[in-house]
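Read through the structure below, which is laid out as structure tokens, and then see the notes.
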Amino acid sequence: MSRRMLSRIGSGLTVVALATTTAACTKKSDTTAEAGGREPAQVKVALVPGGSHPYFQPWKDAGAKAKTELALGDVTFNETAGWDQTKQNDVLKSLAAQGYNAFGVFGVSPDNINSTFEDLKRQGFPVGSLASCPAGANKADFCLSTDVEVAAYKGAKAAIDAMGGQGNLVHLTGNKVDSNTQRRIAGVEKAVAETGGKVTLIQSVTDIDKDLQSAQKAVADLLAAKGRQIQGIVNTAYNPAVASAEGVRQSKLPIKVIAIDDDPTVLDGLRGGSVAATVLQNPVGQAQVGSYALMKLSGGCTMAEPGVTIDSGSFVVTADNLDGYEADRTATTEALRKKFDGDLLKCS
């Protein structure tokens, strides 16, 4: 994710703190409204992933829907950071100069993104960390993200069930130094440990979510070297899931594949039987509910627990429940919004 896994592709680059914008953009009278905060029409939300990745594409439509339903001044989606923290900081600075005053951000560097969050908040902007939480304490107002360890555990459990409870399992995932990847590895290892030795995790393959071509090569190499030793593959990153779904289908090896997210290749694999299950995340809910929470914070509400982490949900989908998963995600998104209103926000 967890972009995450979401499927994070970022690297541990050193953050260059956001430069202060012009006085016209950052003075307190402009960024913090008098007597209760901004009206919704004055709120301009920027949804900013760390770069281009299929996981974030639903943020576009979800942001547009939030703009209409909440009567916001604007919602923009900007994926031009190129997986470089310095470039992402420059993008955020530019958006602030254009009048955007609330930010939902998937930070490139989980170890350093808090510096960026703190700089935005110094300027008076509410900030949500979306689809991934920083390593350590969260300095954004909130983090709305998949609990990636829980999602990975669910995926590994589904793989073990599909394998008949025994055999050799391989885990395919993203950037090794990312704290979210380490949480995913922990989730898979927990599920394997619960088998009491009946399942062996023979390899966790990291750093293969940069693009689909990298993932396809890694899967092809894995199947060529160890394909006949493997009973199951659990994926906790987007591109490896797509690559393994297609690679196992073409190889005709009897390997149970557990994917992540809902790429068309994965859904086709579920229908055709080459994918046993997939673990879906909730990017739509992250963008919609994230925008809602940012609007409420802009209007004068505060977080009951600053920096709180909220699980945006994950769902195991098989061929049996393939037709109903969108309804489940929609229900989860509605419940998340109610949770913000009922428990997470303090509004006078």
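Ordered as shown in the structure tokens, chains take letters A, B, and onward, while each chain numbers its residues from 1 and ligands are numbered from 1 in the order shown.
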With the cut-off set at 8 Å and counting only C-alpha atoms, tabulate each residue of segment 197-296 of chain A with an atom at most that distance from an atom of segment 94-112 of chain A, showing the nearest atom pair and its distance in Å to one decimal, ordered by chain and increasing number, as a tab-separated table.
```
residue	atom	partner	partner_atom	distance
A:Ala287	CA	A:Gly104	CA	7.8
A:Gly290	CA	A:Gly104	CA	6.7
A:Ser291	CA	A:Gly104	CA	7.3
A:Leu294	CA	A:Ala102	CA	6.1
A:Met295	CA	A:Ala102	CA	7.6
```
If you run DSSP on the backbone here, which positions in segment 84-225 of chain A get strand (DSSP E or B)? Please write them as a PDB file with all heavy atoms, in the first residue's frame.
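The result, written out as result.pdb:
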```pdb
ATOM      1  N   ALA A 102      -6.254  22.298   0.861  1.00  0.00           N
ATOM      2  CA  ALA A 102      -6.444  21.068   1.625  1.00  0.00           C
ATOM      3  C   ALA A 102      -5.808  19.938   0.818  1.00  0.00           C
ATOM      4  O   ALA A 102      -6.012  19.848  -0.394  1.00  0.00           O
ATOM      5  CB  ALA A 102      -7.929  20.793   1.862  1.00  0.00           C
ATOM      6  N   PHE A 103      -5.049  19.070   1.490  1.00  0.00           N
ATOM      7  CA  PHE A 103      -4.190  18.140   0.761  1.00  0.00           C
ATOM      8  C   PHE A 103      -4.344  16.704   1.260  1.00  0.00           C
ATOM      9  O   PHE A 103      -4.207  16.424   2.451  1.00  0.00           O
ATOM     10  CB  PHE A 103      -2.721  18.563   0.895  1.00  0.00           C
ATOM     11  CG  PHE A 103      -2.419  19.871   0.222  1.00  0.00           C
ATOM     12  CD1 PHE A 103      -2.613  21.068   0.899  1.00  0.00           C
ATOM     13  CD2 PHE A 103      -1.979  19.916  -1.094  1.00  0.00           C
ATOM     14  CE1 PHE A 103      -2.354  22.290   0.272  1.00  0.00           C
ATOM     15  CE2 PHE A 103      -1.725  21.122  -1.729  1.00  0.00           C
ATOM     16  CZ  PHE A 103      -1.917  22.309  -1.044  1.00  0.00           C
ATOM     17  N   GLY A 104      -4.633  15.796   0.314  1.00  0.00           N
ATOM     18  CA  GLY A 104      -4.593  14.365   0.560  1.00  0.00           C
ATOM     19  C   GLY A 104      -3.393  13.803  -0.181  1.00  0.00           C
ATOM     20  O   GLY A 104      -3.349  13.840  -1.413  1.00  0.00           O
ATOM     21  N   VAL A 105      -2.411  13.274   0.551  1.00  0.00           N
ATOM     22  CA  VAL A 105      -1.097  12.977  -0.022  1.00  0.00           C
ATOM     23  C   VAL A 105      -0.678  11.544   0.263  1.00  0.00           C
ATOM     24  O   VAL A 105      -0.766  11.069   1.405  1.00  0.00           O
ATOM     25  CB  VAL A 105      -0.027  13.931   0.560  1.00  0.00           C
ATOM     26  CG1 VAL A 105       1.348  13.645  -0.057  1.00  0.00           C
ATOM     27  CG2 VAL A 105      -0.416  15.392   0.338  1.00  0.00           C
ATOM     28  N   VAL A 127      -4.270  18.377   6.295  1.00  0.00           N
ATOM     29  CA  VAL A 127      -3.540  17.377   5.515  1.00  0.00           C
ATOM     30  C   VAL A 127      -3.980  15.980   5.937  1.00  0.00           C
ATOM     31  O   VAL A 127      -4.025  15.662   7.131  1.00  0.00           O
ATOM     32  CB  VAL A 127      -2.014  17.507   5.723  1.00  0.00           C
ATOM     33  CG1 VAL A 127      -1.268  16.491   4.857  1.00  0.00           C
ATOM     34  CG2 VAL A 127      -1.538  18.918   5.418  1.00  0.00           C
ATOM     35  N   GLY A 128      -4.286  15.150   4.952  1.00  0.00           N
ATOM     36  CA  GLY A 128      -4.538  13.742   5.194  1.00  0.00           C
ATOM     37  C   GLY A 128      -3.495  12.899   4.488  1.00  0.00           C
ATOM     38  O   GLY A 128      -3.163  13.152   3.326  1.00  0.00           O
ATOM     39  N   SER A 129      -2.953  11.904   5.185  1.00  0.00           N
ATOM     40  CA  SER A 129      -2.052  10.939   4.564  1.00  0.00           C
ATOM     41  C   SER A 129      -2.929   9.812   4.031  1.00  0.00           C
ATOM     42  O   SER A 129      -3.560   9.090   4.800  1.00  0.00           O
ATOM     43  CB  SER A 129      -1.053  10.415   5.600  1.00  0.00           C
ATOM     44  OG  SER A 129      -0.109   9.546   5.010  1.00  0.00           O
ATOM     45  N   LEU A 130      -2.989   9.674   2.713  1.00  0.00           N
ATOM     46  CA  LEU A 130      -3.918   8.739   2.083  1.00  0.00           C
ATOM     47  C   LEU A 130      -3.189   7.562   1.455  1.00  0.00           C
ATOM     48  O   LEU A 130      -2.177   7.739   0.786  1.00  0.00           O
ATOM     49  CB  LEU A 130      -4.738   9.452   1.003  1.00  0.00           C
ATOM     50  CG  LEU A 130      -5.592  10.646   1.457  1.00  0.00           C
ATOM     51  CD1 LEU A 130      -6.406  11.190   0.275  1.00  0.00           C
ATOM     52  CD2 LEU A 130      -6.514  10.268   2.606  1.00  0.00           C
ATOM     53  N   PHE A 142      -4.609  13.075   9.826  1.00  0.00           N
ATOM     54  CA  PHE A 142      -5.072  11.701   9.928  1.00  0.00           C
ATOM     55  C   PHE A 142      -4.410  10.887   8.830  1.00  0.00           C
ATOM     56  O   PHE A 142      -3.872  11.434   7.863  1.00  0.00           O
ATOM     57  CB  PHE A 142      -6.603  11.609   9.796  1.00  0.00           C
ATOM     58  CG  PHE A 142      -7.138  12.080   8.465  1.00  0.00           C
ATOM     59  CD1 PHE A 142      -7.276  11.207   7.390  1.00  0.00           C
ATOM     60  CD2 PHE A 142      -7.487  13.410   8.278  1.00  0.00           C
ATOM     61  CE1 PHE A 142      -7.757  11.642   6.159  1.00  0.00           C
ATOM     62  CE2 PHE A 142      -7.964  13.861   7.045  1.00  0.00           C
ATOM     63  CZ  PHE A 142      -8.106  12.978   5.990  1.00  0.00           C
ATOM     64  N   CYS A 143      -4.430   9.572   8.977  1.00  0.00           N
ATOM     65  CA  CYS A 143      -3.996   8.673   7.917  1.00  0.00           C
ATOM     66  C   CYS A 143      -5.139   7.719   7.610  1.00  0.00           C
ATOM     67  O   CYS A 143      -5.614   7.006   8.505  1.00  0.00           O
ATOM     68  CB  CYS A 143      -2.749   7.886   8.318  1.00  0.00           C
ATOM     69  SG  CYS A 143      -2.218   6.732   7.006  1.00  0.00           S
ATOM     70  N   LEU A 144      -5.591   7.721   6.367  1.00  0.00           N
ATOM     71  CA  LEU A 144      -6.659   6.831   5.899  1.00  0.00           C
ATOM     72  C   LEU A 144      -6.042   5.890   4.881  1.00  0.00           C
ATOM     73  O   LEU A 144      -5.744   6.282   3.752  1.00  0.00           O
ATOM     74  CB  LEU A 144      -7.795   7.644   5.289  1.00  0.00           C
ATOM     75  CG  LEU A 144      -9.001   6.856   4.766  1.00  0.00           C
ATOM     76  CD1 LEU A 144      -9.654   6.037   5.866  1.00  0.00           C
ATOM     77  CD2 LEU A 144     -10.022   7.803   4.130  1.00  0.00           C
ATOM     78  N   SER A 145      -5.817   4.645   5.286  1.00  0.00           N
ATOM     79  CA  SER A 145      -5.032   3.725   4.469  1.00  0.00           C
ATOM     80  C   SER A 145      -5.447   2.290   4.756  1.00  0.00           C
ATOM     81  O   SER A 145      -6.010   1.986   5.812  1.00  0.00           O
ATOM     82  CB  SER A 145      -3.543   3.894   4.785  1.00  0.00           C
ATOM     83  OG  SER A 145      -2.748   2.949   4.119  1.00  0.00           O
ATOM     84  N   GLY A 167       2.235 -27.056   1.836  1.00  0.00           N
ATOM     85  CA  GLY A 167       3.031 -26.851   0.633  1.00  0.00           C
ATOM     86  C   GLY A 167       3.927 -25.635   0.722  1.00  0.00           C
ATOM     87  O   GLY A 167       4.134 -25.066   1.799  1.00  0.00           O
ATOM     88  N   ASN A 168       4.478 -25.251  -0.417  1.00  0.00           N
ATOM     89  CA  ASN A 168       5.426 -24.144  -0.511  1.00  0.00           C
ATOM     90  C   ASN A 168       4.741 -22.891  -1.054  1.00  0.00           C
ATOM     91  O   ASN A 168       4.048 -22.936  -2.076  1.00  0.00           O
ATOM     92  CB  ASN A 168       6.592 -24.508  -1.433  1.00  0.00           C
ATOM     93  CG  ASN A 168       7.469 -25.593  -0.845  1.00  0.00           C
ATOM     94  OD1 ASN A 168       7.644 -25.676   0.375  1.00  0.00           O
ATOM     95  ND2 ASN A 168       8.034 -26.434  -1.695  1.00  0.00           N
ATOM     96  N   LEU A 169       4.972 -21.773  -0.369  1.00  0.00           N
ATOM     97  CA  LEU A 169       4.364 -20.495  -0.709  1.00  0.00           C
ATOM     98  C   LEU A 169       5.442 -19.484  -1.053  1.00  0.00           C
ATOM     99  O   LEU A 169       6.514 -19.458  -0.432  1.00  0.00           O
ATOM    100  CB  LEU A 169       3.534 -19.986   0.472  1.00  0.00           C
ATOM    101  CG  LEU A 169       2.824 -18.633   0.326  1.00  0.00           C
ATOM    102  CD1 LEU A 169       1.704 -18.720  -0.708  1.00  0.00           C
ATOM    103  CD2 LEU A 169       2.257 -18.185   1.678  1.00  0.00           C
ATOM    104  N   VAL A 170       5.164 -18.635  -2.055  1.00  0.00           N
ATOM    105  CA  VAL A 170       6.044 -17.517  -2.416  1.00  0.00           C
ATOM    106  C   VAL A 170       5.251 -16.227  -2.264  1.00  0.00           C
ATOM    107  O   VAL A 170       4.067 -16.168  -2.590  1.00  0.00           O
ATOM    108  CB  VAL A 170       6.579 -17.652  -3.855  1.00  0.00           C
ATOM    109  CG1 VAL A 170       7.325 -16.391  -4.280  1.00  0.00           C
ATOM    110  CG2 VAL A 170       7.508 -18.854  -3.967  1.00  0.00           C
ATOM    111  N   HIS A 171       5.911 -15.195  -1.771  1.00  0.00           N
ATOM    112  CA  HIS A 171       5.304 -13.877  -1.573  1.00  0.00           C
ATOM    113  C   HIS A 171       5.969 -12.877  -2.521  1.00  0.00           C
ATOM    114  O   HIS A 171       7.188 -12.731  -2.521  1.00  0.00           O
ATOM    115  CB  HIS A 171       5.512 -13.440  -0.112  1.00  0.00           C
ATOM    116  CG  HIS A 171       5.030 -12.063   0.198  1.00  0.00           C
ATOM    117  ND1 HIS A 171       5.559 -11.307   1.231  1.00  0.00           N
ATOM    118  CD2 HIS A 171       4.064 -11.297  -0.373  1.00  0.00           C
ATOM    119  CE1 HIS A 171       4.939 -10.139   1.276  1.00  0.00           C
ATOM    120  NE2 HIS A 171       4.042 -10.104   0.315  1.00  0.00           N
ATOM    121  N   LEU A 172       5.156 -12.208  -3.344  1.00  0.00           N
ATOM    122  CA  LEU A 172       5.648 -11.186  -4.271  1.00  0.00           C
ATOM    123  C   LEU A 172       5.157  -9.825  -3.808  1.00  0.00           C
ATOM    124  O   LEU A 172       3.960  -9.618  -3.605  1.00  0.00           O
ATOM    125  CB  LEU A 172       5.149 -11.464  -5.692  1.00  0.00           C
ATOM    126  CG  LEU A 172       5.444 -12.852  -6.264  1.00  0.00           C
ATOM    127  CD1 LEU A 172       4.932 -12.942  -7.704  1.00  0.00           C
ATOM    128  CD2 LEU A 172       6.927 -13.176  -6.198  1.00  0.00           C
ATOM    129  N   VAL A 199       3.065 -25.271   6.013  1.00  0.00           N
ATOM    130  CA  VAL A 199       3.356 -24.410   4.864  1.00  0.00           C
ATOM    131  C   VAL A 199       4.715 -23.775   5.074  1.00  0.00           C
ATOM    132  O   VAL A 199       5.035 -23.288   6.172  1.00  0.00           O
ATOM    133  CB  VAL A 199       2.279 -23.318   4.677  1.00  0.00           C
ATOM    134  CG1 VAL A 199       2.690 -22.316   3.605  1.00  0.00           C
ATOM    135  CG2 VAL A 199       0.938 -23.950   4.317  1.00  0.00           C
ATOM    136  N   THR A 200       5.526 -23.754   4.020  1.00  0.00           N
ATOM    137  CA  THR A 200       6.847 -23.131   4.058  1.00  0.00           C
ATOM    138  C   THR A 200       6.865 -21.925   3.136  1.00  0.00           C
ATOM    139  O   THR A 200       6.496 -22.036   1.964  1.00  0.00           O
ATOM    140  CB  THR A 200       7.936 -24.122   3.601  1.00  0.00           C
ATOM    141  OG1 THR A 200       7.924 -25.253   4.472  1.00  0.00           O
ATOM    142  CG2 THR A 200       9.312 -23.468   3.636  1.00  0.00           C
ATOM    143  N   LEU A 201       7.269 -20.783   3.683  1.00  0.00           N
ATOM    144  CA  LEU A 201       7.470 -19.584   2.859  1.00  0.00           C
ATOM    145  C   LEU A 201       8.875 -19.669   2.289  1.00  0.00           C
ATOM    146  O   LEU A 201       9.859 -19.393   2.977  1.00  0.00           O
ATOM    147  CB  LEU A 201       7.291 -18.324   3.705  1.00  0.00           C
ATOM    148  CG  LEU A 201       7.460 -16.992   2.978  1.00  0.00           C
ATOM    149  CD1 LEU A 201       6.411 -16.821   1.894  1.00  0.00           C
ATOM    150  CD2 LEU A 201       7.394 -15.828   3.969  1.00  0.00           C
ATOM    151  N   ILE A 202       8.973 -20.089   1.026  1.00  0.00           N
ATOM    152  CA  ILE A 202      10.311 -20.351   0.486  1.00  0.00           C
ATOM    153  C   ILE A 202      10.984 -19.081  -0.016  1.00  0.00           C
ATOM    154  O   ILE A 202      12.211 -19.052  -0.169  1.00  0.00           O
ATOM    155  CB  ILE A 202      10.280 -21.416  -0.630  1.00  0.00           C
ATOM    156  CG1 ILE A 202       9.405 -20.990  -1.805  1.00  0.00           C
ATOM    157  CG2 ILE A 202       9.820 -22.750  -0.070  1.00  0.00           C
ATOM    158  CD1 ILE A 202       9.489 -21.947  -2.989  1.00  0.00           C
ATOM    159  N   GLN A 203      10.218 -18.012  -0.245  1.00  0.00           N
ATOM    160  CA  GLN A 203      10.854 -16.779  -0.719  1.00  0.00           C
ATOM    161  C   GLN A 203       9.858 -15.627  -0.645  1.00  0.00           C
ATOM    162  O   GLN A 203       8.674 -15.792  -0.945  1.00  0.00           O
ATOM    163  CB  GLN A 203      11.331 -16.942  -2.164  1.00  0.00           C
ATOM    164  CG  GLN A 203      12.226 -15.824  -2.665  1.00  0.00           C
ATOM    165  CD  GLN A 203      12.818 -16.137  -4.031  1.00  0.00           C
ATOM    166  OE1 GLN A 203      12.537 -17.172  -4.626  1.00  0.00           O
ATOM    167  NE2 GLN A 203      13.638 -15.237  -4.542  1.00  0.00           N
ATOM    168  N   SER A 204      10.341 -14.442  -0.231  1.00  0.00           N
ATOM    169  CA  SER A 204       9.621 -13.181  -0.401  1.00  0.00           C
ATOM    170  C   SER A 204      10.413 -12.364  -1.414  1.00  0.00           C
ATOM    171  O   SER A 204      11.561 -11.979  -1.155  1.00  0.00           O
ATOM    172  CB  SER A 204       9.509 -12.410   0.922  1.00  0.00           C
ATOM    173  OG  SER A 204       8.520 -12.970   1.754  1.00  0.00           O
ATOM    174  N   VAL A 205       9.822 -12.132  -2.570  1.00  0.00           N
ATOM    175  CA  VAL A 205      10.501 -11.407  -3.652  1.00  0.00           C
ATOM    176  C   VAL A 205      10.068  -9.948  -3.576  1.00  0.00           C
ATOM    177  O   VAL A 205       8.890  -9.629  -3.750  1.00  0.00           O
ATOM    178  CB  VAL A 205      10.145 -11.999  -5.026  1.00  0.00           C
ATOM    179  CG1 VAL A 205      10.938 -11.293  -6.125  1.00  0.00           C
ATOM    180  CG2 VAL A 205      10.402 -13.501  -5.055  1.00  0.00           C
TER     181      VAL A 205
END
```
(Q) Can you measure atom CA of Val266 of chain A to atom CA of Val150 of chain A for me? One decimal in Å is fine. (A)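 Spanning atom CA of Val266 of chain A to atom CA of Val150 of chain A is a straight-line distance of 20.5 Å.
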Q | DSSP-assigned alpha helix (DSSP H) among segment 72-313 of chain A, expressed as an MDAnalysis selection string | A | chainID A and resid 85:97 113:122 148:162 179:193 212:226 238:251 264:272 283:298
**Q.** Between atom CA of Ala304 of chain A and atom CA of Asp343 of chain A, distance in Å (one decimal)
**A.** 7.5 Å
Q) Which is closer to Leu47 of chain A than all the others in A:Thr265, A:Thr333, A:Asn78, A:Gln281, using only C-alpha atoms? A)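 Looking only at the distances to Leu47 of chain A, the closest residue turns out to be A:Asn78.
Computed from the coordinates, the atom CA of Gly63 of chain A to atom CA of Phe315 of chain A distance equals 22.1 Å.
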Q: Give the answer as one residue: which of A:Ala193, A:Cys133, A:Cys301, A:Ala259 has the shortest atom-to-atom distance to Cys347 of chain A, using only C-alpha atoms?
A: A:Cys301
When you look at Pro264 of chain A with a cut-off of 12 Å (counting only C-alpha atoms), what residues show up, excluding the ones that are within fewer than 3 positions of it in the same chain? I need them as a short mmCIF file (atom, residue, chain, number, x, y, z; two decimals) with C-alpha atoms, in the first residue's frame.
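Result went into out.cif, see below:
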```cif
data_model
loop_
_atom_site.label_atom_id
_atom_site.label_comp_id
_atom_site.auth_asym_id
_atom_site.auth_seq_id
_atom_site.Cartn_x
_atom_site.Cartn_y
_atom_site.Cartn_z
CA PRO A 54 -2.71 2.03 -11.56
CA TYR A 238 -0.30 -4.46 -7.87
CA ALA A 241 -0.33 -9.61 -9.03
CA VAL A 242 -1.04 -8.87 -12.67
CA ALA A 243 2.19 -10.55 -13.78
CA ALA A 245 -1.96 -14.07 -12.77
CA GLU A 246 -0.94 -14.05 -16.42
CA ALA A 259 -3.73 -11.40 -6.23
CA ILE A 260 -4.36 -7.89 -4.93
CA ASP A 261 -6.69 -5.21 -6.31
CA LEU A 267 -10.72 -10.33 -12.56
CA ASP A 268 -10.46 -12.40 -15.75
CA GLY A 269 -8.27 -14.85 -13.85
CA LEU A 270 -10.91 -15.17 -11.14
CA ARG A 271 -13.57 -15.91 -13.74
CA GLY A 272 -11.34 -18.37 -15.60
CA VAL A 275 -6.58 -16.83 -9.87
CA THR A 278 -7.78 -11.36 -4.74
#
```
(Q) List as a PyMOL selection string the protein and nucleic acid residues near Ala156 of chain A, meaning an atom at most 9 Å away when only C-alpha atoms are counted, but skip any in the same chain fewer than 4 places from it. (A) chain A and resi 151-152+160-161+169+171+187-192+233-235+258
Q: Tell me which of A:Met303, A:Gly247, A:Ser214, A:Leu222 sits closest to Gly342 of chain A, counting only C-alpha atoms.
A: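 Using only C-alpha atoms, Gly342 of chain A sits closest to A:Met303.
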